[in-house]
$ cat model.cif   # mmCIF, C-alpha atoms
data_run
loop_
_atom_site.label_atom_id
_atom_site.label_comp_id
_atom_site.auth_asym_id
_atom_site.auth_seq_id
_atom_site.Cartn_x
_atom_site.Cartn_y
_atom_site.Cartn_z
CA MET A 1 0.00 0.00 0.00
CA ASP A 2 1.07 3.58 -0.65
CA ALA A 3 3.35 4.77 2.15
CA TYR A 4 1.37 8.01 2.30
CA VAL A 5 -1.72 6.04 3.29
CA THR A 6 -0.14 3.65 5.78
CA ALA A 7 2.06 6.25 7.45
CA GLU A 8 -0.67 8.83 8.07
CA ASP A 9 -4.01 7.17 7.61
CA ASP A 10 -4.40 3.97 9.61
CA TRP A 11 -7.87 3.28 10.95
CA VAL A 12 -8.69 1.92 14.39
CA VAL A 13 -11.39 -0.45 15.60
CA ALA A 14 -11.62 -1.63 19.21
CA GLY A 15 -8.11 -0.36 19.85
CA ARG A 16 -6.59 -2.25 16.90
CA SER A 17 -4.90 -0.25 14.15
CA PHE A 18 -4.84 -1.32 10.49
CA GLY A 19 -3.24 0.15 7.40
CA SER A 20 -5.42 -1.61 4.84
CA ARG A 21 -9.01 -0.40 4.62
CA LEU A 22 -10.09 -3.48 2.69
CA ILE A 23 -11.44 -6.46 4.63
CA VAL A 24 -11.95 -9.65 2.66
CA GLY A 25 -13.92 -12.81 3.20
CA THR A 26 -12.59 -16.35 3.05
CA GLY A 27 -15.65 -18.12 1.65
CA LYS A 28 -16.90 -19.04 -1.84
CA TYR A 29 -13.46 -19.53 -3.43
CA LYS A 30 -12.93 -22.61 -5.56
CA ASP A 31 -10.16 -23.83 -3.27
CA LEU A 32 -7.92 -22.78 -0.41
CA PRO A 33 -4.84 -22.00 -2.53
CA THR A 34 -6.92 -19.49 -4.52
CA THR A 35 -8.24 -18.09 -1.27
CA ALA A 36 -4.71 -17.50 -0.02
CA ALA A 37 -3.48 -15.98 -3.29
CA ALA A 38 -6.40 -13.56 -3.54
CA ILE A 39 -6.07 -12.44 0.08
CA GLU A 40 -2.35 -11.87 -0.45
CA ALA A 41 -3.09 -9.76 -3.54
CA SER A 42 -5.74 -7.73 -1.72
CA GLY A 43 -3.32 -6.39 0.85
CA ALA A 44 -5.95 -6.99 3.52
CA GLU A 45 -4.96 -7.38 7.15
CA VAL A 46 -8.37 -8.56 8.39
CA VAL A 47 -10.22 -11.59 7.02
CA THR A 48 -13.73 -12.68 7.90
CA VAL A 49 -14.30 -16.32 8.74
CA ALA A 50 -17.74 -17.93 8.64
CA VAL A 51 -17.55 -20.07 11.76
CA ARG A 52 -20.38 -22.35 10.62
CA ARG A 53 -18.93 -22.95 7.16
CA VAL A 54 -15.14 -22.99 7.41
CA ASN A 55 -13.09 -25.81 8.89
CA LEU A 56 -11.16 -24.40 11.83
CA SER A 57 -10.75 -27.48 13.99
CA ASP A 58 -10.70 -30.76 12.02
CA PRO A 59 -7.05 -31.58 11.24
CA LYS A 60 -8.17 -34.46 8.98
CA ALA A 61 -9.65 -32.00 6.47
CA PRO A 62 -8.04 -28.99 4.74
CA MET A 63 -7.87 -26.14 7.23
CA LEU A 64 -8.05 -22.44 6.45
CA GLN A 65 -5.25 -21.74 8.93
CA ASP A 66 -2.80 -23.75 6.80
CA TYR A 67 -3.28 -21.30 3.93
CA VAL A 68 -4.27 -18.04 5.65
CA SER A 69 -2.20 -17.78 8.80
CA PRO A 70 -3.81 -16.32 11.93
CA ALA A 71 -0.33 -15.13 12.84
CA ARG A 72 -0.33 -12.88 9.79
CA TYR A 73 -3.98 -11.90 9.45
CA THR A 74 -6.53 -10.80 12.02
CA TYR A 75 -9.34 -13.34 11.94
CA LEU A 76 -12.80 -11.84 12.26
CA PRO A 77 -15.23 -14.69 13.03
CA ASN A 78 -18.71 -14.02 11.69
CA THR A 79 -22.14 -15.53 11.97
CA ALA A 80 -22.89 -16.04 8.29
CA GLY A 81 -25.71 -18.53 7.93
CA CYS A 82 -27.36 -17.60 11.22
CA PHE A 83 -31.05 -16.72 11.08
CA THR A 84 -31.80 -16.30 14.80
CA ALA A 85 -30.22 -14.34 17.60
CA ASP A 86 -29.66 -17.53 19.61
CA ASP A 87 -27.76 -19.19 16.74
CA ALA A 88 -25.56 -16.15 16.27
CA VAL A 89 -24.68 -15.84 19.95
CA ARG A 90 -24.01 -19.57 20.27
CA THR A 91 -21.80 -19.55 17.17
CA LEU A 92 -19.60 -16.73 18.41
CA ARG A 93 -19.29 -18.23 21.88
CA LEU A 94 -18.03 -21.42 20.23
CA ALA A 95 -15.61 -19.38 18.11
CA ARG A 96 -14.17 -17.74 21.22
CA GLU A 97 -13.73 -21.12 22.88
CA ALA A 98 -12.02 -22.54 19.78
CA GLY A 99 -9.68 -19.68 18.92
CA GLY A 100 -9.88 -17.08 21.64
CA TRP A 101 -11.38 -14.54 19.26
CA ASN A 102 -13.10 -11.61 20.93
CA LEU A 103 -13.40 -9.18 18.01
CA VAL A 104 -16.29 -10.57 15.97
CA LYS A 105 -18.68 -9.72 13.18
CA LEU A 106 -22.35 -10.22 13.98
CA GLU A 107 -24.94 -10.79 11.27
CA VAL A 108 -28.42 -12.19 11.65
CA LEU A 109 -30.25 -12.63 8.37
CA GLY A 110 -33.85 -12.72 7.34
CA PRO A 111 -35.14 -15.44 5.01
CA PRO A 112 -34.44 -15.75 1.28
CA PRO A 113 -34.73 -14.29 -1.24
CA THR A 114 -33.65 -10.97 0.31
CA LEU A 115 -31.40 -12.23 3.15
CA TYR A 116 -31.87 -8.73 4.51
CA PRO A 117 -30.56 -8.04 8.03
CA ASP A 118 -33.10 -9.09 10.66
CA MET A 119 -32.73 -6.00 12.81
CA PRO A 120 -34.78 -7.03 15.88
CA ALA A 121 -32.76 -10.25 16.10
CA THR A 122 -29.53 -8.32 15.45
CA LEU A 123 -30.25 -5.95 18.33
CA GLU A 124 -31.03 -8.91 20.61
CA ALA A 125 -27.85 -10.75 19.69
CA ALA A 126 -25.70 -7.63 19.97
CA ALA A 127 -26.94 -6.98 23.49
CA ALA A 128 -26.14 -10.54 24.59
CA LEU A 129 -22.68 -10.54 23.01
CA ILE A 130 -21.71 -7.16 24.42
CA LYS A 131 -22.81 -8.35 27.86
CA ASP A 132 -20.50 -11.36 27.34
CA GLY A 133 -17.56 -9.06 26.67
CA PHE A 134 -17.36 -9.44 22.90
CA GLU A 135 -16.20 -6.55 20.71
CA VAL A 136 -18.98 -6.53 18.15
CA MET A 137 -18.71 -5.26 14.60
CA VAL A 138 -22.29 -5.43 13.42
CA TYR A 139 -23.83 -5.96 9.97
CA CYS A 140 -27.04 -4.00 9.71
CA SER A 141 -29.56 -2.29 7.49
CA ASP A 142 -28.78 1.18 6.13
CA ASP A 143 -31.09 2.77 8.71
CA PRO A 144 -29.38 5.71 10.48
CA ILE A 145 -31.59 5.39 13.57
CA LEU A 146 -30.89 1.70 14.12
CA ALA A 147 -27.21 2.19 13.29
CA LYS A 148 -26.92 4.81 16.02
CA ARG A 149 -28.76 2.58 18.46
CA LEU A 150 -26.28 -0.23 17.84
CA GLU A 151 -23.40 2.17 18.44
CA GLU A 152 -24.95 3.43 21.67
CA MET A 153 -25.36 -0.17 22.84
CA GLY A 154 -21.60 -0.61 22.56
CA CYS A 155 -20.92 -2.05 19.09
CA VAL A 156 -17.37 -1.15 18.01
CA ALA A 157 -18.13 -0.76 14.29
CA ILE A 158 -21.26 -0.32 12.21
CA MET A 159 -21.46 -2.23 8.91
CA PRO A 160 -24.50 -1.22 6.83
CA LEU A 161 -25.19 -3.14 3.66
CA GLY A 162 -24.56 -1.41 0.35
CA ALA A 163 -26.98 -3.78 -1.37
CA PRO A 164 -28.27 -7.32 -0.75
CA ILE A 165 -25.59 -9.93 -0.06
CA GLY A 166 -23.90 -11.21 -3.19
CA SER A 167 -25.94 -8.95 -5.50
CA GLY A 168 -23.02 -6.92 -6.84
CA LEU A 169 -25.28 -3.87 -7.14
CA GLY A 170 -23.00 -1.47 -5.28
CA VAL A 171 -24.15 1.19 -2.82
CA GLN A 172 -27.86 1.70 -3.50
CA ASN A 173 -28.59 4.34 -0.84
CA PRO A 174 -25.57 6.65 -0.59
CA LEU A 175 -27.51 9.33 1.26
CA LEU A 176 -28.36 6.93 4.08
CA ILE A 177 -24.79 5.66 4.26
CA GLN A 178 -23.56 9.24 4.56
CA MET A 179 -26.08 9.93 7.33
CA ILE A 180 -24.80 6.93 9.25
CA ILE A 181 -21.20 8.09 8.81
CA GLN A 182 -21.95 11.66 9.86
CA ASN A 183 -23.65 10.51 13.07
CA ALA A 184 -21.17 7.80 14.01
CA ARG A 185 -18.33 7.90 16.51
CA VAL A 186 -17.14 4.41 15.62
CA PRO A 187 -15.90 3.11 12.26
CA VAL A 188 -18.47 2.63 9.51
CA LEU A 189 -17.83 -0.03 6.85
CA VAL A 190 -19.93 -0.87 3.83
CA ASP A 191 -20.56 -4.59 3.91
CA ALA A 192 -22.40 -6.54 1.17
CA GLY A 193 -23.30 -5.61 -2.36
CA VAL A 194 -19.90 -4.55 -3.69
CA GLY A 195 -19.51 -5.90 -7.23
CA THR A 196 -16.41 -4.29 -8.64
CA ALA A 197 -13.64 -1.82 -7.80
CA TYR A 198 -15.85 1.14 -8.71
CA ASP A 199 -18.26 0.22 -5.91
CA ALA A 200 -15.43 0.03 -3.37
CA THR A 201 -14.09 3.39 -4.52
CA PHE A 202 -17.53 4.97 -4.28
CA ALA A 203 -18.07 3.65 -0.75
CA MET A 204 -14.74 5.10 0.36
CA GLU A 205 -15.47 8.43 -1.33
CA LEU A 206 -18.63 8.65 0.77
CA GLY A 207 -16.40 8.59 3.85
CA CYS A 208 -16.52 4.95 4.93
CA ASP A 209 -13.64 3.83 7.11
CA ALA A 210 -13.29 0.54 5.25
CA VAL A 211 -15.07 -1.86 2.89
CA LEU A 212 -15.72 -5.58 3.27
CA VAL A 213 -15.70 -7.68 0.10
CA ASN A 214 -16.17 -11.41 -0.41
CA SER A 215 -18.31 -12.55 -3.34
CA ALA A 216 -17.01 -9.94 -5.78
CA ILE A 217 -13.48 -11.30 -5.36
CA ALA A 218 -14.13 -14.98 -4.74
CA LEU A 219 -16.54 -15.43 -7.66
CA ALA A 220 -14.70 -13.26 -10.19
CA ASP A 221 -13.26 -14.98 -13.27
CA ASP A 222 -9.82 -14.10 -11.88
CA PRO A 223 -10.08 -13.67 -8.08
CA VAL A 224 -6.45 -12.62 -7.68
CA LEU A 225 -6.75 -9.88 -10.29
CA MET A 226 -10.03 -8.68 -8.79
CA ALA A 227 -8.42 -8.59 -5.35
CA ARG A 228 -5.74 -6.30 -6.75
CA ALA A 229 -8.45 -4.13 -8.31
CA MET A 230 -10.34 -3.88 -5.01
CA LYS A 231 -7.15 -2.91 -3.19
CA ALA A 232 -6.51 -0.11 -5.67
CA GLY A 233 -10.16 0.96 -5.61
CA VAL A 234 -10.26 1.29 -1.83
CA GLU A 235 -7.01 3.25 -1.79
CA ALA A 236 -8.15 5.57 -4.58
CA GLY A 237 -11.49 6.22 -2.90
CA ARG A 238 -9.89 7.00 0.44
CA LEU A 239 -7.37 9.39 -1.11
CA ALA A 240 -10.14 11.14 -3.05
CA PHE A 241 -12.20 11.52 0.13
CA ARG A 242 -9.24 12.99 1.97
CA ALA A 243 -8.39 15.31 -0.92
CA GLY A 244 -11.91 16.77 -1.00
CA ARG A 245 -13.84 16.73 -4.27
CA ILE A 246 -14.92 19.84 -6.13
CA PRO A 247 -18.55 20.92 -5.64
CA ARG A 248 -21.19 19.67 -8.04
CA ILE A 249 -22.64 22.58 -10.02
CA ASN A 250 -25.15 22.77 -12.83
CA VAL A 251 -23.16 25.07 -15.13
CA ALA A 252 -19.77 24.90 -16.78
CA ASN A 253 -16.75 26.22 -14.91
CA PRO A 254 -13.75 26.70 -17.23
CA SER A 255 -10.46 25.20 -16.12
CA SER A 256 -8.54 28.20 -17.44
CA PRO A 257 -9.10 31.86 -16.44
CA MET A 258 -11.43 33.83 -18.72
CA THR A 259 -9.58 37.12 -18.11
CA GLY A 260 -6.33 38.27 -19.63
CA LEU A 261 -6.87 36.32 -22.86
CA ILE A 262 -4.67 37.07 -25.91
CA ARG A 263 -6.75 38.80 -28.56
#
$ encode --input "model.cif" --output "structure tokens"
Amino acid sequence: MDAYVTAEDDWVVAGRSFGSRLIVGTGKYKDLPTTAAAIEASGAEVVTVAVRRVNLSDPKAPMLQDYVSPARYTYLPNTAGCFTADDAVRTLRLAREAGGWNLVKLEVLGPPPTLYPDMPATLEAAAALIKDGFEVMVYCSDDPILAKRLEEMGCVAIMPLGAPIGSGLGVQNPLLIQMIIQNARVPVLVDAGVGTAYDATFAMELGCDAVLVNSAIALADDPVLMARAMKAGVEAGRLAFRAGRIPRINVANPSSPMTGLIR
């Protein structure tokens, strides 16, 4: 990553500092070697791990840890595949017992076909996990009121969806994402819906602290190349946000002065 970004622009969640603002998932890849190669190319320091879907404990089967080292990457256990608050809480308690992980990503989904965040169940699970001492990064709807409530409960990061999981539609409600960012005192990350590097750039230009990407990389024709694209997209979007874009206006504004012209 550009030294200008890493030297001056790390972001912090729950007291942990990271240079890369791209978080990547470890699911949906065709195999573990591809998973490892894509994560390497992404420059990510944090990887999400679906506790219910990834082998973390059976040494007789291929293990994620053999390809994506917990010594090198920060594992972020998540509750992908959980549809009730009880399942989500139980899953993360098991993850802490298995690996000692305390920083976690909570998601509780509604039924297909939308798989939209089930917010009442999310609030219930978040309360239980926070009471248990977990540091909860929470996947949620793009509702500014509920996002603020989750922050006030003690969640360490708010992760509103950009669009439905795996849809590749990009950020559908930028105004709501910006409202969440403007009202937040913890990191805000767009999670779900990113389809290509443009979407990651756009999310960062809105002011997000980071972006989480899984399907768009894992299911690309060339996951390693897409991981490189996402890395560049996140960096470009962050630099553009920091630089400050010109205002949008409805008339032309010449790039050269209109006075003192040679006649």
$ residues_around --input "model.cif" --residues "range 20-32 of chain A" --least-positions-apart "6" --cutoff "6 Å" --atoms "all atoms listed in the file" --output "number ranges by chain"
A: 44, 46-49, 210-214, 218
$ residues_around --input "model.cif" --residues "range 91-106 of chain A" --least-positions-apart "3" --cutoff "8 Å" --atoms "only C-alpha atoms" --output "list in words"
Ala14, Thr48, Val51, Arg52, Ser57, Tyr75, Leu76, Pro77, Asn78, Thr79, Asp87, Ala88, Thr122, Ala125, Ala126, Gly133, Phe134, Glu135, Val136, Met137, Val138 and Tyr139 of chain A
$ write_last_selection --input "model.cif" --atoms "C-alpha atoms" --output "mmCIF file, keeping the file's coordinate frame"
data_model
loop_
_atom_site.group_PDB
_atom_site.id
_atom_site.type_symbol
_atom_site.label_atom_id
_atom_site.label_comp_id
_atom_site.auth_asym_id
_atom_site.auth_seq_id
_atom_site.Cartn_x
_atom_site.Cartn_y
_atom_site.Cartn_z
ATOM 1 C CA ALA A 14 -11.620 -1.630 19.210
ATOM 2 C CA THR A 48 -13.730 -12.680 7.900
ATOM 3 C CA VAL A 51 -17.550 -20.070 11.760
ATOM 4 C CA ARG A 52 -20.380 -22.350 10.620
ATOM 5 C CA SER A 57 -10.750 -27.480 13.990
ATOM 6 C CA TYR A 75 -9.340 -13.340 11.940
ATOM 7 C CA LEU A 76 -12.800 -11.840 12.260
ATOM 8 C CA PRO A 77 -15.230 -14.690 13.030
ATOM 9 C CA ASN A 78 -18.710 -14.020 11.690
ATOM 10 C CA THR A 79 -22.140 -15.530 11.970
ATOM 11 C CA ASP A 87 -27.760 -19.190 16.740
ATOM 12 C CA ALA A 88 -25.560 -16.150 16.270
ATOM 13 C CA THR A 122 -29.530 -8.320 15.450
ATOM 14 C CA ALA A 125 -27.850 -10.750 19.690
ATOM 15 C CA ALA A 126 -25.700 -7.630 19.970
ATOM 16 C CA GLY A 133 -17.560 -9.060 26.670
ATOM 17 C CA PHE A 134 -17.360 -9.440 22.900
ATOM 18 C CA GLU A 135 -16.200 -6.550 20.710
ATOM 19 C CA VAL A 136 -18.980 -6.530 18.150
ATOM 20 C CA MET A 137 -18.710 -5.260 14.600
ATOM 21 C CA VAL A 138 -22.290 -5.430 13.420
ATOM 22 C CA TYR A 139 -23.830 -5.960 9.970
#
$ resolve_selection --input "model.cif" --expression "the PyMOL selection byres ((chain A and resi 182-187) around 9)" --output "VMD selection string"
chain A and resid 11 to 14 144 147 to 148 151 155 to 159 177 to 181 188 to 189 207 to 210
$ closest_residue --input "model.cif" --among "A:Ser167, A:Ser215, A:Asn253, A:Thr201" --to "Glu235 in chain A" --atoms "all atoms listed in the file"
A:Thr201
$ residues_around --input "model.cif" --residues "Leu169 in chain A" --least-positions-apart "2" --cutoff "12 Å" --atoms "all atoms listed in the file" --output "MDAnalysis selection string"
chainID A and resid 161:167 171:173 192:200 215:216
$ atom_distance --input "model.cif" --atom1 "CA of Cys140 in chain A" --atom2 "CA of Val224 in chain A"
28.3 Å
$ atom_distance --input "model.cif" --atom1 "CA of Ile130 in chain A" --atom2 "CA of Ala71 in chain A"
25.6 Å
$ atom_distance --input "model.cif" --atom1 "CA of Val234 in chain A" --atom2 "CA of Ile39 in chain A"
14.5 Å
$ resolve_selection --input "model.cif" --expression "the PyMOL selection byres ((chain A and resi 237) around 7)" --output "number ranges by chain"
A: 201-202, 204-205, 233-236, 238-241
$ closest_residue --input "model.cif" --among "A:Glu45, A:Glu107, A:Asp221, A:Asp66" --to "Pro120 in chain A" --atoms "all atoms listed in the file"
A:Glu107
$ axis_aligned_box --input "model.cif" --around "range 42-48 of chain A" --padding-each-side "5 Å" --output "AutoDock Vina command-line options"
--center_x -8.5 --center_y -9.5 --center_z 3.3 --size_x 20.4 --size_y 16.3 --size_z 20.1
$ resolve_selection --input "model.cif" --expression "the PyMOL selection byres ((chain A and resi 109) around 8)" --output "ChimeraX atom specification"
/A:81-84,107-108,110-111,115-118
